[in-house]
Amino acid sequence: MRKFLVLIGCLIFTAGILAGCGSKPAQENAGNGNTPAKLVVGATAKPHAEILKVVKPVLQKENVDLEIKVFTDYVLLNPALKDKQIDANYFQHLPYLDDYNAKNNANLSWTVKVHTEPMGVYSKKVAKLEELAEGANIGIPNDATNGGRALAVLQQAGLFKLKDGAGVTATDKDIVDNPKNLKINMMDAAMLPRALDDLDVCVINSNYALEANLNPVEDAIFTEVKDSPFANILAVRPEDKDKDSIKKLNQALQSPEVKKFIEDNYKGSVIPAF
C-alpha cells in the first residue's frame, strides 16, 4: 500500500511540473535557444506576398519563422491584425491605415515603408483618355482613401477638377468642374479589373492590376505621378513595434535583396520606397 501511495505521489508531482512548463505563453519561449520565433504576416497576393517570400529565407537566418497568410480581400487585413489573428500585415499605405483607425476605434501602428505602387488608369474601350465620350463611365475603388486617391489621379490626367483641399477622402461630390459629365462608379477594388469589360475606364491599384495580368507600365493609359505619398507599409499592433522578430522583419523588408527583387521583377510598376 505504501509503495502504491508513493507511486501516486510521484505521478502527481511529475504532472504538476509538466503542467507548469506547458502553461508558459508561447511568446515567452519563441525565439529562445534553437526555437525560431513564429511570425504570421497577412498580405495580398501581389506584390506583397511575393516580396515576403523573398524575406522568408532572410528571416530564417535570424531564427524567425515567417508564415505568410494571403488575403484576397484587403478590407479584412486590418481587422485580422486588430483581433490578433496575425502579427502584422503588409498591403496598405498610411492614409488607408489612418482612415481605418479613425473609423474603427483602433490604434494600429506602422514600422517601415517598403514600396509604392503607382495607381493606373486602364481601358479596353479607348487608347487614350482624350477619346472618352460625353458621359463615359469610370470605375474607382470604393474605400475612402483609395477612392479619393483615384479621383486625384483622374484630376492629374485633366479629366475634371476637384475642389481645393478635397484630399484623400474626396468623393465624386467634390468634383467642381466636369466638362464631359463623366460618371463615377465606386466598387470593390478587387473587382475593377473585371469591370473593364463594362466600363469605359477603371482606376486600378497596381497589386490588383498585377493579379489580373495587367502590366502597369505597358497597359495603363495614364499613371499616377511618381512622387506619390502612398508608400506601402508594414502595420503592427503598437505593443509589438519593439518585438525582436518585428525589428528583424523591418530590416529584411528594407534589405538589398528586397530592393533588387522589386526592381528586377516589377520594372517600374512597383518602386522601392527605401
# chains A, B, ... in the order shown; residues from 1 in each chain; ligands from 1
>>> residues_around(residues="Ala88 in chain A", least_positions_apart="2", cutoff="6 Å", atoms="only C-alpha atoms", output="short mmCIF file (atom, residue, chain, number, x, y, z; two decimals) with C-alpha atoms, in the first residue's frame")
data_model
loop_
_atom_site.label_atom_id
_atom_site.label_comp_id
_atom_site.auth_asym_id
_atom_site.auth_seq_id
_atom_site.Cartn_x
_atom_site.Cartn_y
_atom_site.Cartn_z
CA VAL A 41 2.09 38.23 -41.56
CA ILE A 86 -2.00 37.77 -37.39
CA ALA A 235 1.45 47.54 -39.93
CA VAL A 236 1.55 46.12 -36.40
#
>>> residues_around(residues="Lys248 in chain A", least_positions_apart="4", cutoff="12 Å", atoms="only C-alpha atoms", output="ChimeraX atom specification")
/A:31,37,39,55-56,58-66,111-112,241-244,252-255
>>> write_last_selection(atoms="C-alpha atoms", output="CSV table (one decimal), in the first residue's frame")
chain,number,residue,atom,x,y,z
A,31,GLY,CA,13.0,32.6,-30.5
A,37,ALA,CA,10.2,32.9,-33.2
A,39,LEU,CA,5.7,35.4,-37.0
A,55,VAL,CA,12.1,37.9,-47.0
A,56,LYS,CA,11.4,34.4,-45.6
A,58,VAL,CA,16.5,36.1,-44.8
A,59,LEU,CA,14.5,35.8,-41.6
A,60,GLN,CA,15.3,32.1,-41.2
A,61,LYS,CA,18.9,33.0,-40.8
A,62,GLU,CA,17.8,35.3,-38.0
A,63,ASN,CA,15.9,32.5,-36.3
A,64,VAL,CA,12.5,33.8,-37.3
A,65,ASP,CA,9.9,31.5,-38.8
A,66,LEU,CA,7.8,33.7,-41.2
A,111,THR,CA,7.1,50.5,-38.7
A,112,VAL,CA,8.7,50.8,-42.2
A,241,LYS,CA,6.6,47.5,-32.5
A,242,ASP,CA,9.7,46.8,-30.4
A,243,LYS,CA,9.5,43.0,-30.6
A,244,ASP,CA,12.7,41.5,-31.8
A,252,ALA,CA,14.6,42.3,-44.0
A,253,LEU,CA,11.9,44.3,-45.9
A,254,GLN,CA,14.4,47.1,-46.5
A,255,SER,CA,17.3,44.8,-47.4
>>> select_by_dssp(residues="range 80-255 of chain A", states="strand (DSSP E)", output="PyMOL selection string")
chain A and resi 88-93+109-116+120-122+137-141+161-162+175-177+183-187+201-204+222-223+231-236
>>> write_last_selection(atoms="C-alpha atoms", output="short mmCIF file (atom, residue, chain, number, x, y, z; two decimals), in the first residue's frame")
data_model
loop_
_atom_site.label_atom_id
_atom_site.label_comp_id
_atom_site.auth_asym_id
_atom_site.auth_seq_id
_atom_site.Cartn_x
_atom_site.Cartn_y
_atom_site.Cartn_z
CA ALA A 88 1.48 42.12 -38.77
CA ASN A 89 0.12 42.99 -42.19
CA TYR A 90 1.62 44.31 -45.38
CA PHE A 91 -0.77 45.66 -48.02
CA GLN A 92 -1.70 49.29 -47.33
CA HIS A 93 -0.47 52.85 -47.40
CA SER A 109 0.71 51.41 -35.96
CA TRP A 110 3.35 51.05 -38.66
CA THR A 111 7.09 50.47 -38.73
CA VAL A 112 8.69 50.80 -42.20
CA LYS A 113 7.84 51.95 -45.71
CA VAL A 114 8.63 49.29 -48.31
CA HIS A 115 7.38 50.25 -51.77
CA THR A 116 4.98 52.37 -53.77
CA GLY A 120 -3.01 53.38 -63.11
CA VAL A 121 -5.92 54.14 -65.45
CA TYR A 122 -6.86 51.22 -67.73
CA ASN A 137 -18.39 55.58 -67.07
CA ILE A 138 -15.31 55.41 -64.86
CA GLY A 139 -14.69 52.82 -62.14
CA ILE A 140 -12.74 53.66 -58.97
CA PRO A 141 -12.20 51.85 -55.61
CA LYS A 161 -11.25 69.36 -61.26
CA LEU A 162 -11.76 68.69 -57.56
CA ILE A 175 -15.86 67.37 -58.41
CA VAL A 176 -16.42 71.05 -59.24
CA ASP A 177 -15.66 71.05 -62.96
CA LYS A 183 -19.93 59.24 -64.34
CA ILE A 184 -18.04 57.82 -61.34
CA ASN A 185 -18.80 54.21 -60.37
CA MET A 186 -17.42 53.13 -56.98
CA MET A 187 -16.86 49.41 -56.42
CA VAL A 201 -12.05 53.16 -67.92
CA CYS A 202 -11.09 51.98 -64.44
CA VAL A 203 -8.53 53.31 -61.97
CA ILE A 204 -6.84 50.24 -60.50
CA PHE A 222 -2.28 57.07 -67.56
CA THR A 223 -0.22 56.56 -64.40
CA ALA A 231 4.11 54.14 -49.83
CA ASN A 232 3.04 50.67 -48.66
CA ILE A 233 3.91 49.97 -45.03
CA LEU A 234 4.24 47.16 -42.52
CA ALA A 235 1.45 47.54 -39.93
CA VAL A 236 1.55 46.12 -36.40
#
>>> closest_atom_pairs(of="range 60-148 of chain A", to="range 152-158 of chain A", cutoff="8 Å", atoms="only C-alpha atoms", output="JSON lines")
{"residue": "A:Met119", "atom": "CA", "partner": "A:Val153", "partner_atom": "CA", "distance": 7.6}
{"residue": "A:Leu129", "atom": "CA", "partner": "A:Ala157", "partner_atom": "CA", "distance": 8.0}
{"residue": "A:Gly148", "atom": "CA", "partner": "A:Ala152", "partner_atom": "CA", "distance": 6.3}
>>> residues_around(residues="Ser206 in chain A", least_positions_apart="6", cutoff="9 Å", atoms="only C-alpha atoms", output="compact mmCIF listing (two decimals) with C-alpha atoms, in the first residue's frame")
# COMPACT_ATOMS: atom_id res chain seq x y z
CA LYS A 46 0.84 40.62 -55.48
CA PRO A 47 3.29 42.10 -54.91
CA GLU A 117 2.55 51.14 -56.42
CA PRO A 118 1.64 53.95 -58.81
CA MET A 119 -2.12 53.75 -59.45
CA GLY A 120 -3.01 53.38 -63.11
CA LEU A 214 -2.20 43.74 -66.47
CA ASN A 215 1.21 45.36 -66.81
CA PRO A 216 1.04 48.75 -65.05
CA SER A 269 5.11 49.05 -61.67
CA VAL A 270 6.35 48.67 -58.07
>>> residues_around(residues="range 163-169 of chain A", least_positions_apart="3", cutoff="10 Å", atoms="only C-alpha atoms", output="PDB file with N, CA and C atoms, in the first residue's frame")
ATOM      1  N   PRO A  95      -2.303  56.640 -45.458  1.00  0.00           N
ATOM      2  CA  PRO A  95      -3.642  57.236 -45.399  1.00  0.00           C
ATOM      3  C   PRO A  95      -4.745  56.203 -45.171  1.00  0.00           C
ATOM      4  N   TYR A  96      -4.598  55.009 -45.758  1.00  0.00           N
ATOM      5  CA  TYR A  96      -5.603  53.957 -45.550  1.00  0.00           C
ATOM      6  C   TYR A  96      -5.601  53.515 -44.088  1.00  0.00           C
ATOM      7  N   ASP A  99      -7.196  56.178 -41.890  1.00  0.00           N
ATOM      8  CA  ASP A  99      -8.646  56.177 -42.066  1.00  0.00           C
ATOM      9  C   ASP A  99      -9.276  55.005 -41.318  1.00  0.00           C
ATOM     10  N   ASP A 143     -13.279  52.228 -51.283  1.00  0.00           N
ATOM     11  CA  ASP A 143     -12.848  52.581 -49.929  1.00  0.00           C
ATOM     12  C   ASP A 143     -12.385  54.035 -49.933  1.00  0.00           C
ATOM     13  N   ALA A 144     -12.500  54.671 -48.787  1.00  0.00           N
ATOM     14  CA  ALA A 144     -12.373  56.127 -48.715  1.00  0.00           C
ATOM     15  C   ALA A 144     -11.063  56.655 -49.285  1.00  0.00           C
ATOM     16  N   THR A 145      -9.931  56.146 -48.830  1.00  0.00           N
ATOM     17  CA  THR A 145      -8.666  56.755 -49.245  1.00  0.00           C
ATOM     18  C   THR A 145      -8.285  56.392 -50.670  1.00  0.00           C
ATOM     19  N   ASN A 146      -8.501  55.150 -51.093  1.00  0.00           N
ATOM     20  CA  ASN A 146      -8.164  54.790 -52.472  1.00  0.00           C
ATOM     21  C   ASN A 146      -9.135  55.409 -53.468  1.00  0.00           C
ATOM     22  N   GLY A 147     -10.374  55.637 -53.051  1.00  0.00           N
ATOM     23  CA  GLY A 147     -11.315  56.340 -53.906  1.00  0.00           C
ATOM     24  C   GLY A 147     -10.869  57.780 -54.137  1.00  0.00           C
ATOM     25  N   GLY A 148     -10.497  58.464 -53.052  1.00  0.00           N
ATOM     26  CA  GLY A 148     -10.004  59.836 -53.171  1.00  0.00           C
ATOM     27  C   GLY A 148      -8.707  59.904 -53.957  1.00  0.00           C
ATOM     28  N   ARG A 149      -7.853  58.905 -53.749  1.00  0.00           N
ATOM     29  CA  ARG A 149      -6.595  58.846 -54.495  1.00  0.00           C
ATOM     30  C   ARG A 149      -6.872  58.688 -55.995  1.00  0.00           C
ATOM     31  N   ALA A 150      -7.828  57.822 -56.346  1.00  0.00           N
ATOM     32  CA  ALA A 150      -8.170  57.607 -57.754  1.00  0.00           C
ATOM     33  C   ALA A 150      -8.713  58.878 -58.391  1.00  0.00           C
ATOM     34  N   LEU A 151      -9.525  59.617 -57.652  1.00  0.00           N
ATOM     35  CA  LEU A 151     -10.053  60.875 -58.182  1.00  0.00           C
ATOM     36  C   LEU A 151      -8.923  61.880 -58.411  1.00  0.00           C
ATOM     37  N   ALA A 152      -7.928  61.863 -57.513  1.00  0.00           N
ATOM     38  CA  ALA A 152      -6.779  62.751 -57.689  1.00  0.00           C
ATOM     39  C   ALA A 152      -5.989  62.379 -58.948  1.00  0.00           C
ATOM     40  N   LYS A 173     -18.700  63.902 -55.148  1.00  0.00           N
ATOM     41  CA  LYS A 173     -19.371  65.150 -54.779  1.00  0.00           C
ATOM     42  C   LYS A 173     -18.390  66.320 -54.707  1.00  0.00           C
ATOM     43  N   ASP A 174     -17.085  66.016 -54.668  1.00  0.00           N
ATOM     44  CA  ASP A 174     -16.065  67.055 -54.601  1.00  0.00           C
ATOM     45  C   ASP A 174     -15.609  67.511 -55.989  1.00  0.00           C
ATOM     46  N   ILE A 175     -16.197  66.943 -57.047  1.00  0.00           N
ATOM     47  CA  ILE A 175     -15.865  67.373 -58.406  1.00  0.00           C
ATOM     48  C   ILE A 175     -16.585  68.692 -58.685  1.00  0.00           C
ATOM     49  N   VAL A 176     -15.819  69.728 -59.021  1.00  0.00           N
ATOM     50  CA  VAL A 176     -16.422  71.048 -59.237  1.00  0.00           C
ATOM     51  C   VAL A 176     -16.442  71.443 -60.718  1.00  0.00           C
ATOM     52  N   ASP A 177     -15.666  70.746 -61.528  1.00  0.00           N
ATOM     53  CA  ASP A 177     -15.657  71.053 -62.963  1.00  0.00           C
ATOM     54  C   ASP A 177     -15.500  69.736 -63.716  1.00  0.00           C
TER      55      ASP A 177
END
>>> select_by_dssp(residues="range 107-181 of chain A", states="helix (DSSP H, G or I)", output="JSON, numbers by chain")
{"A": [129, 130, 131, 144, 145, 146, 147, 148, 149, 150, 151, 152, 153, 154, 155, 156, 167, 168, 169, 172, 173, 174]}
>>> write_last_selection(atoms="C-alpha atoms", output="short mmCIF file (atom, residue, chain, number, x, y, z; two decimals), in the first residue's frame")
data_model
loop_
_atom_site.label_atom_id
_atom_site.label_comp_id
_atom_site.auth_asym_id
_atom_site.auth_seq_id
_atom_site.Cartn_x
_atom_site.Cartn_y
_atom_site.Cartn_z
CA LEU A 129 -8.18 59.46 -72.24
CA GLU A 130 -8.84 62.19 -74.81
CA GLU A 131 -11.07 59.67 -76.64
CA ALA A 144 -12.37 56.13 -48.71
CA THR A 145 -8.67 56.76 -49.24
CA ASN A 146 -8.16 54.79 -52.47
CA GLY A 147 -11.32 56.34 -53.91
CA GLY A 148 -10.00 59.84 -53.17
CA ARG A 149 -6.60 58.85 -54.50
CA ALA A 150 -8.17 57.61 -57.75
CA LEU A 151 -10.05 60.88 -58.18
CA ALA A 152 -6.78 62.75 -57.69
CA VAL A 153 -5.21 60.63 -60.44
CA LEU A 154 -8.08 61.49 -62.79
CA GLN A 155 -7.62 65.15 -61.94
CA GLN A 156 -3.89 64.81 -62.73
CA GLY A 167 -7.71 65.34 -50.12
CA VAL A 168 -7.60 61.53 -49.98
CA THR A 169 -11.17 61.26 -48.68
CA ASP A 172 -17.48 62.44 -56.68
CA LYS A 173 -19.37 65.15 -54.78
CA ASP A 174 -16.06 67.06 -54.60
#
